[in-house]
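**Student:** Dropping in work07.cif, with mmCIF, N, CA and C atoms.
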data_entry
#
loop_
_atom_site.label_atom_id
_atom_site.label_comp_id
_atom_site.auth_asym_id
_atom_site.auth_seq_id
_atom_site.Cartn_x
_atom_site.Cartn_y
_atom_site.Cartn_z
N MET A 1 0.83 -1.18 0.00
CA MET A 1 0.00 0.00 0.00
C MET A 1 0.88 1.24 0.00
N GLU A 2 0.52 2.22 -0.82
CA GLU A 2 1.30 3.43 -0.91
C GLU A 2 0.99 4.39 0.23
N PHE A 3 1.99 5.20 0.55
CA PHE A 3 1.83 6.22 1.58
C PHE A 3 0.96 7.37 1.06
N HIS A 4 0.09 7.89 1.92
CA HIS A 4 -0.68 9.10 1.62
C HIS A 4 -0.60 10.00 2.85
N PRO A 5 -0.42 11.30 2.67
CA PRO A 5 -0.26 12.20 3.82
C PRO A 5 -1.44 12.21 4.78
N SER A 6 -2.61 11.79 4.33
CA SER A 6 -3.76 11.75 5.23
C SER A 6 -3.61 10.67 6.30
N LYS A 7 -2.65 9.77 6.13
CA LYS A 7 -2.40 8.69 7.10
C LYS A 7 -1.53 9.13 8.28
N ILE A 8 -0.94 10.32 8.19
CA ILE A 8 -0.09 10.83 9.27
C ILE A 8 -0.95 11.19 10.47
N PRO A 9 -0.58 10.75 11.67
CA PRO A 9 -1.34 11.14 12.86
C PRO A 9 -1.23 12.65 13.09
N ILE A 10 -2.34 13.25 13.47
CA ILE A 10 -2.43 14.71 13.57
C ILE A 10 -2.64 15.13 15.02
N VAL A 11 -1.87 16.11 15.47
CA VAL A 11 -2.04 16.65 16.81
C VAL A 11 -3.08 17.77 16.82
N LYS A 12 -3.16 18.54 15.72
CA LYS A 12 -4.14 19.62 15.65
C LYS A 12 -4.46 19.93 14.20
N VAL A 13 -5.74 20.23 13.95
CA VAL A 13 -6.21 20.61 12.61
C VAL A 13 -6.59 22.09 12.66
N PHE A 14 -6.12 22.84 11.66
CA PHE A 14 -6.44 24.26 11.53
C PHE A 14 -7.29 24.45 10.29
N ASP A 15 -8.50 24.98 10.46
CA ASP A 15 -9.38 25.28 9.33
C ASP A 15 -9.17 26.76 8.99
N VAL A 16 -8.38 27.01 7.96
CA VAL A 16 -7.94 28.35 7.60
C VAL A 16 -8.81 28.88 6.46
N LYS A 17 -9.38 30.05 6.65
CA LYS A 17 -10.25 30.64 5.64
C LYS A 17 -9.64 31.86 4.95
N ASP A 18 -8.69 32.51 5.61
CA ASP A 18 -8.06 33.70 5.03
C ASP A 18 -6.63 33.83 5.55
N GLU A 19 -5.97 34.92 5.13
CA GLU A 19 -4.57 35.11 5.49
C GLU A 19 -4.37 35.32 6.99
N LYS A 20 -5.30 35.98 7.65
CA LYS A 20 -5.20 36.20 9.10
C LYS A 20 -5.26 34.86 9.84
N ASP A 21 -6.20 33.99 9.43
CA ASP A 21 -6.27 32.64 10.03
C ASP A 21 -4.96 31.88 9.81
N ALA A 22 -4.37 32.04 8.63
CA ALA A 22 -3.11 31.35 8.31
C ALA A 22 -1.99 31.83 9.24
N GLU A 23 -1.92 33.13 9.45
CA GLU A 23 -0.89 33.67 10.34
C GLU A 23 -1.09 33.17 11.78
N ASP A 24 -2.35 33.11 12.22
CA ASP A 24 -2.64 32.60 13.56
C ASP A 24 -2.25 31.12 13.69
N ALA A 25 -2.54 30.34 12.66
CA ALA A 25 -2.20 28.91 12.67
C ALA A 25 -0.68 28.72 12.72
N VAL A 26 0.04 29.51 11.93
CA VAL A 26 1.50 29.43 11.93
C VAL A 26 2.04 29.76 13.32
N GLU A 27 1.53 30.82 13.91
CA GLU A 27 1.99 31.24 15.23
C GLU A 27 1.77 30.11 16.26
N GLU A 28 0.61 29.47 16.20
CA GLU A 28 0.33 28.40 17.15
C GLU A 28 1.20 27.16 16.89
N MET A 29 1.41 26.80 15.62
CA MET A 29 2.26 25.65 15.32
C MET A 29 3.68 25.88 15.82
N VAL A 30 4.19 27.09 15.62
CA VAL A 30 5.55 27.41 16.07
C VAL A 30 5.61 27.41 17.60
N ARG A 31 4.57 27.94 18.24
CA ARG A 31 4.54 27.98 19.71
C ARG A 31 4.53 26.56 20.29
N ILE A 32 3.69 25.68 19.71
CA ILE A 32 3.62 24.29 20.19
C ILE A 32 4.89 23.54 19.82
N GLY A 33 5.39 23.79 18.63
CA GLY A 33 6.65 23.17 18.18
C GLY A 33 6.44 21.90 17.39
N PHE A 34 7.50 21.49 16.72
CA PHE A 34 7.49 20.28 15.91
C PHE A 34 8.39 19.20 16.49
N SER A 35 9.52 19.60 17.04
CA SER A 35 10.53 18.62 17.47
C SER A 35 10.08 17.80 18.67
N ASN A 36 9.14 18.33 19.46
CA ASN A 36 8.68 17.58 20.64
C ASN A 36 7.38 16.81 20.35
N GLN A 37 6.95 16.77 19.10
CA GLN A 37 5.70 16.10 18.72
C GLN A 37 6.00 14.81 17.95
N LYS A 38 5.19 13.81 18.19
CA LYS A 38 5.27 12.56 17.41
C LYS A 38 4.20 12.56 16.31
N LYS A 39 3.45 13.66 16.24
CA LYS A 39 2.38 13.80 15.26
C LYS A 39 2.60 15.08 14.46
N GLY A 40 1.78 15.26 13.44
CA GLY A 40 1.89 16.44 12.60
C GLY A 40 0.73 17.38 12.79
N TYR A 41 0.70 18.39 11.94
CA TYR A 41 -0.38 19.38 11.92
C TYR A 41 -1.03 19.33 10.55
N LYS A 42 -2.34 19.57 10.53
CA LYS A 42 -3.07 19.63 9.25
C LYS A 42 -3.70 21.00 9.14
N VAL A 43 -3.51 21.62 7.97
CA VAL A 43 -4.11 22.92 7.68
C VAL A 43 -5.07 22.72 6.52
N LEU A 44 -6.34 23.01 6.74
CA LEU A 44 -7.35 22.92 5.68
C LEU A 44 -7.50 24.29 5.04
N LEU A 45 -7.45 24.32 3.69
CA LEU A 45 -7.54 25.57 2.94
C LEU A 45 -8.72 25.51 1.99
N PRO A 46 -9.36 26.64 1.72
CA PRO A 46 -10.44 26.63 0.74
C PRO A 46 -9.89 26.34 -0.66
N LYS A 47 -10.70 25.75 -1.52
CA LYS A 47 -10.24 25.35 -2.85
C LYS A 47 -10.18 26.49 -3.87
N GLU A 48 -10.51 27.69 -3.48
CA GLU A 48 -10.35 28.83 -4.40
C GLU A 48 -8.86 29.00 -4.63
N SER A 49 -8.41 28.82 -5.88
CA SER A 49 -6.98 28.67 -6.14
C SER A 49 -6.15 29.88 -5.72
N HIS A 50 -6.61 31.10 -5.98
CA HIS A 50 -5.78 32.26 -5.60
C HIS A 50 -5.67 32.38 -4.09
N VAL A 51 -6.72 32.04 -3.36
CA VAL A 51 -6.70 32.07 -1.90
C VAL A 51 -5.83 30.92 -1.37
N ALA A 52 -6.00 29.73 -1.92
CA ALA A 52 -5.25 28.56 -1.47
C ALA A 52 -3.75 28.75 -1.67
N LYS A 53 -3.36 29.29 -2.80
CA LYS A 53 -1.93 29.52 -3.06
C LYS A 53 -1.34 30.49 -2.06
N ARG A 54 -2.06 31.56 -1.80
CA ARG A 54 -1.58 32.58 -0.87
C ARG A 54 -1.47 32.00 0.55
N ILE A 55 -2.50 31.28 0.98
CA ILE A 55 -2.49 30.70 2.32
C ILE A 55 -1.39 29.64 2.43
N GLY A 56 -1.24 28.81 1.40
CA GLY A 56 -0.18 27.80 1.41
C GLY A 56 1.19 28.42 1.54
N TYR A 57 1.41 29.51 0.83
CA TYR A 57 2.69 30.21 0.90
C TYR A 57 2.91 30.77 2.32
N ILE A 58 1.88 31.38 2.89
CA ILE A 58 1.99 31.94 4.25
C ILE A 58 2.33 30.84 5.26
N VAL A 59 1.65 29.70 5.13
CA VAL A 59 1.87 28.61 6.09
C VAL A 59 3.28 28.05 5.96
N THR A 60 3.70 27.69 4.76
CA THR A 60 5.00 27.02 4.61
C THR A 60 6.16 27.95 4.93
N THR A 61 6.14 29.17 4.42
CA THR A 61 7.24 30.09 4.72
C THR A 61 7.16 30.61 6.15
N GLY A 62 5.94 30.81 6.65
CA GLY A 62 5.77 31.31 8.01
C GLY A 62 6.28 30.32 9.05
N VAL A 63 5.99 29.04 8.86
CA VAL A 63 6.48 28.03 9.79
C VAL A 63 8.01 28.00 9.77
N ASN A 64 8.59 27.99 8.59
CA ASN A 64 10.05 27.96 8.48
C ASN A 64 10.67 29.19 9.14
N PHE A 65 10.12 30.36 8.87
CA PHE A 65 10.64 31.60 9.46
C PHE A 65 10.45 31.61 10.97
N GLY A 66 9.28 31.20 11.44
CA GLY A 66 9.00 31.19 12.87
C GLY A 66 9.91 30.24 13.64
N LEU A 67 10.16 29.06 13.07
CA LEU A 67 11.05 28.11 13.71
C LEU A 67 12.48 28.65 13.76
N ARG A 68 12.90 29.30 12.69
CA ARG A 68 14.26 29.88 12.66
C ARG A 68 14.37 31.00 13.69
N LYS A 69 13.35 31.84 13.75
CA LYS A 69 13.35 32.99 14.67
C LYS A 69 13.40 32.56 16.14
N THR A 70 12.80 31.41 16.45
CA THR A 70 12.77 30.92 17.84
C THR A 70 13.84 29.85 18.08
N ASN A 71 14.78 29.71 17.16
CA ASN A 71 15.90 28.76 17.28
C ASN A 71 15.43 27.33 17.48
N GLN A 72 14.38 26.93 16.77
CA GLN A 72 13.90 25.56 16.81
C GLN A 72 14.39 24.82 15.57
N GLU A 73 14.38 23.49 15.66
CA GLU A 73 14.75 22.64 14.52
C GLU A 73 13.82 22.94 13.34
N ARG A 74 14.39 23.14 12.15
CA ARG A 74 13.58 23.48 10.97
C ARG A 74 13.48 22.34 9.97
N ASP A 75 13.77 21.13 10.38
CA ASP A 75 13.72 19.98 9.48
C ASP A 75 12.29 19.46 9.41
N ILE A 76 11.48 20.11 8.58
CA ILE A 76 10.05 19.84 8.48
C ILE A 76 9.74 19.31 7.08
N ARG A 77 8.84 18.33 7.03
CA ARG A 77 8.31 17.84 5.75
C ARG A 77 6.86 18.25 5.64
N TYR A 78 6.43 18.53 4.43
CA TYR A 78 5.01 18.85 4.24
C TYR A 78 4.53 18.35 2.89
N TRP A 79 3.22 18.08 2.83
CA TRP A 79 2.55 17.62 1.62
C TRP A 79 1.26 18.41 1.47
N THR A 80 0.89 18.66 0.24
CA THR A 80 -0.39 19.30 -0.06
C THR A 80 -1.20 18.31 -0.89
N TYR A 81 -2.49 18.18 -0.57
CA TYR A 81 -3.34 17.25 -1.30
C TYR A 81 -4.78 17.71 -1.27
N HIS A 82 -5.61 17.09 -2.12
CA HIS A 82 -7.06 17.36 -2.14
C HIS A 82 -7.68 16.63 -0.95
N HIS A 83 -8.22 17.39 -0.01
CA HIS A 83 -8.79 16.78 1.20
C HIS A 83 -10.24 16.35 0.96
N ASP A 84 -11.05 17.23 0.42
CA ASP A 84 -12.43 16.91 0.07
C ASP A 84 -12.89 17.91 -1.01
N LYS A 85 -14.20 17.95 -1.29
CA LYS A 85 -14.70 18.82 -2.36
C LYS A 85 -14.42 20.30 -2.11
N GLU A 86 -14.38 20.72 -0.86
CA GLU A 86 -14.22 22.14 -0.55
C GLU A 86 -12.82 22.53 -0.07
N HIS A 87 -11.94 21.55 0.20
CA HIS A 87 -10.67 21.87 0.84
C HIS A 87 -9.47 21.17 0.20
N TYR A 88 -8.36 21.91 0.20
CA TYR A 88 -7.04 21.31 0.08
C TYR A 88 -6.55 21.14 1.50
N ALA A 89 -5.53 20.32 1.69
CA ALA A 89 -4.92 20.18 3.02
C ALA A 89 -3.41 20.21 2.88
N ILE A 90 -2.77 20.82 3.86
CA ILE A 90 -1.32 20.76 4.00
C ILE A 90 -1.05 20.02 5.30
N VAL A 91 -0.24 18.98 5.23
CA VAL A 91 0.16 18.24 6.43
C VAL A 91 1.64 18.53 6.65
N LEU A 92 1.97 18.97 7.86
CA LEU A 92 3.35 19.29 8.23
C LEU A 92 3.77 18.42 9.41
N ILE A 93 4.99 17.90 9.35
CA ILE A 93 5.50 17.05 10.43
C ILE A 93 7.02 17.14 10.41
N SER A 94 7.63 16.98 11.57
CA SER A 94 9.10 16.97 11.61
C SER A 94 9.60 15.71 10.91
N THR A 95 10.74 15.82 10.26
CA THR A 95 11.31 14.68 9.54
C THR A 95 11.60 13.54 10.51
N LYS A 96 12.09 13.86 11.69
CA LYS A 96 12.40 12.83 12.69
C LYS A 96 11.14 12.05 13.07
N ALA A 97 10.05 12.77 13.36
CA ALA A 97 8.79 12.10 13.72
C ALA A 97 8.26 11.28 12.55
N PHE A 98 8.38 11.80 11.33
CA PHE A 98 7.91 11.07 10.15
C PHE A 98 8.69 9.76 9.98
N ASP A 99 10.02 9.84 10.17
CA ASP A 99 10.84 8.65 10.00
C ASP A 99 10.52 7.57 11.04
N GLU A 100 10.02 7.98 12.20
CA GLU A 100 9.66 7.03 13.25
C GLU A 100 8.30 6.37 13.03
N LEU A 101 7.49 6.94 12.14
CA LEU A 101 6.17 6.36 11.85
C LEU A 101 6.33 5.12 11.00
N ASP A 102 5.40 4.21 11.15
CA ASP A 102 5.42 2.98 10.36
C ASP A 102 4.39 3.11 9.25
N LEU A 103 4.71 3.95 8.26
CA LEU A 103 3.76 4.19 7.15
C LEU A 103 4.28 3.60 5.87
#
As structure tokens - that is how I would like this structure written.
**Tutor:**
Amino acid sequence: MEFHPSKIPIVKVFDVKDEKDAEDAVEEMVRIGFSNQKKGYKVLLPKESHVAKRIGYIVTTGVNFGLRKTNQERDIRYWTYHHDKEHYAIVLISTKAFDELDL
């Protein structure tokens, strides 16, 4: 069976509707951290392409910048996929935690 990012265990799901929600989600993910988690985070984005692209950019670059700014490990993996009819999803997890999963 092939790996799919939806199989990654999730510690928290963020339903992001706009750029402000994306910034809040990034702030919370950085505050909680990645290196001390055995699970990942899921960000649900609306399927409107211009909004989804902008939110995806904010999430991926914001997490990287936030982790660097707080001197946390930045070795993060992420995948984007079609979650359902109304949402894309981004799943983010530390590489160490991902390697420990039996997927």
**Student:** Within chain A, find each residue whose DSSP state, derived from the backbone, is alpha helix (DSSP H), and express the selection as an NGL selection string.
**Tutor:** :A and (19-32 or 49-69 or 95-100)
**Student:** When you count only C-alpha atoms, which of these residues is closest to Lys85 in chain A: A:Val63, A:Gly56, A:Glu73, A:Pro46?
**Tutor:**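 So, comparing all the options, the nearest one is A:Pro46.
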**Student:** Compare A:Leu44, A:Phe34, A:Gly62, A:Lys53 by their minimum atom-to-atom distance to His83 in chain A, counting only C-alpha atoms, and give me the closest one.
**Tutor:**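 Of the candidates, the smallest distance to His83 in chain A is held by A:Leu44.
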**Student:** For CA of Lys47 in chain A and CA of His87 in chain A, determine how far apart the two atoms are, in Å to one decimal place.
**Tutor:**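 That distance, rounded to one decimal, is 5.1 Å.
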**Student:** Of the candidates A:Ser6, A:Asn64, A:Thr80, A:Thr70, which one gets nearest to Val26 in chain A if we count all atoms listed in the file?
**Tutor:** A:Asn64
**Student:** With distances taken over all atoms listed in the file, which residue among A:Gly33, A:Glu19, A:Leu45, A:Leu101 lies nearest Gln72 in chain A?
**Tutor:**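 Closest to Gln72 in chain A of all the choices is A:Gly33.
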**Student:** Atom N of Lys39 in chain A to atom C of Val59 in chain A: how many Å, to one decimal?
**Tutor:**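 Distance reported for this atom pair: 17.7 Å.
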**Student:** Can you work out the spacing between CA of Glu28 in chain A and CA of Gly40 in chain A in Å, to one decimal?
**Tutor:**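 Here the two named atoms are 12.9 Å from each other.
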**Student:** Counting all atoms listed in the file, note down every residue that has an atom within 6 Å of the point (11.2, 17.1, 10.5) (file coordinates), as a list in words.
**Tutor:**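 The answer, in the requested form, is Arg74, Asp75, Ile76, Arg77, Ile93, Ser94, Thr95, Lys96 and Ala97 of chain A.
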**Student:** Restricting the calculation to only N, CA and C atoms: of A:Glu2, A:Glu27, A:Glu48, A:Asp21, which residue gets closest to Glu86 in chain A?
**Tutor:**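 The shortest atom-to-atom distance to Glu86 in chain A comes from A:Glu48.
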**Student:** I need the residue nearest Val16 in chain A from this list: A:Lys38, A:Ile55, A:Val30, A:Phe3. Use only N, CA and C atoms for the distance.
**Tutor:**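 Answer, going by the shortest atom-to-atom distance: A:Ile55.
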**Student:** Applying 6.5 Å and only N, CA and C atoms, which residues near Phe14 in chain A remain after dropping the ones on its own chain fewer than 3 positions away? List them as a ChimeraX atom specification.
**Tutor:** /A:25,41-44
**Student:** When the PyMOL selection byres ((chain A and resi 79) around 6) is applied to the structure above, which residues does it catch, written out as a PyMOL selection string?
**Tutor:** chain A and resi 77-78+80-81+89-92
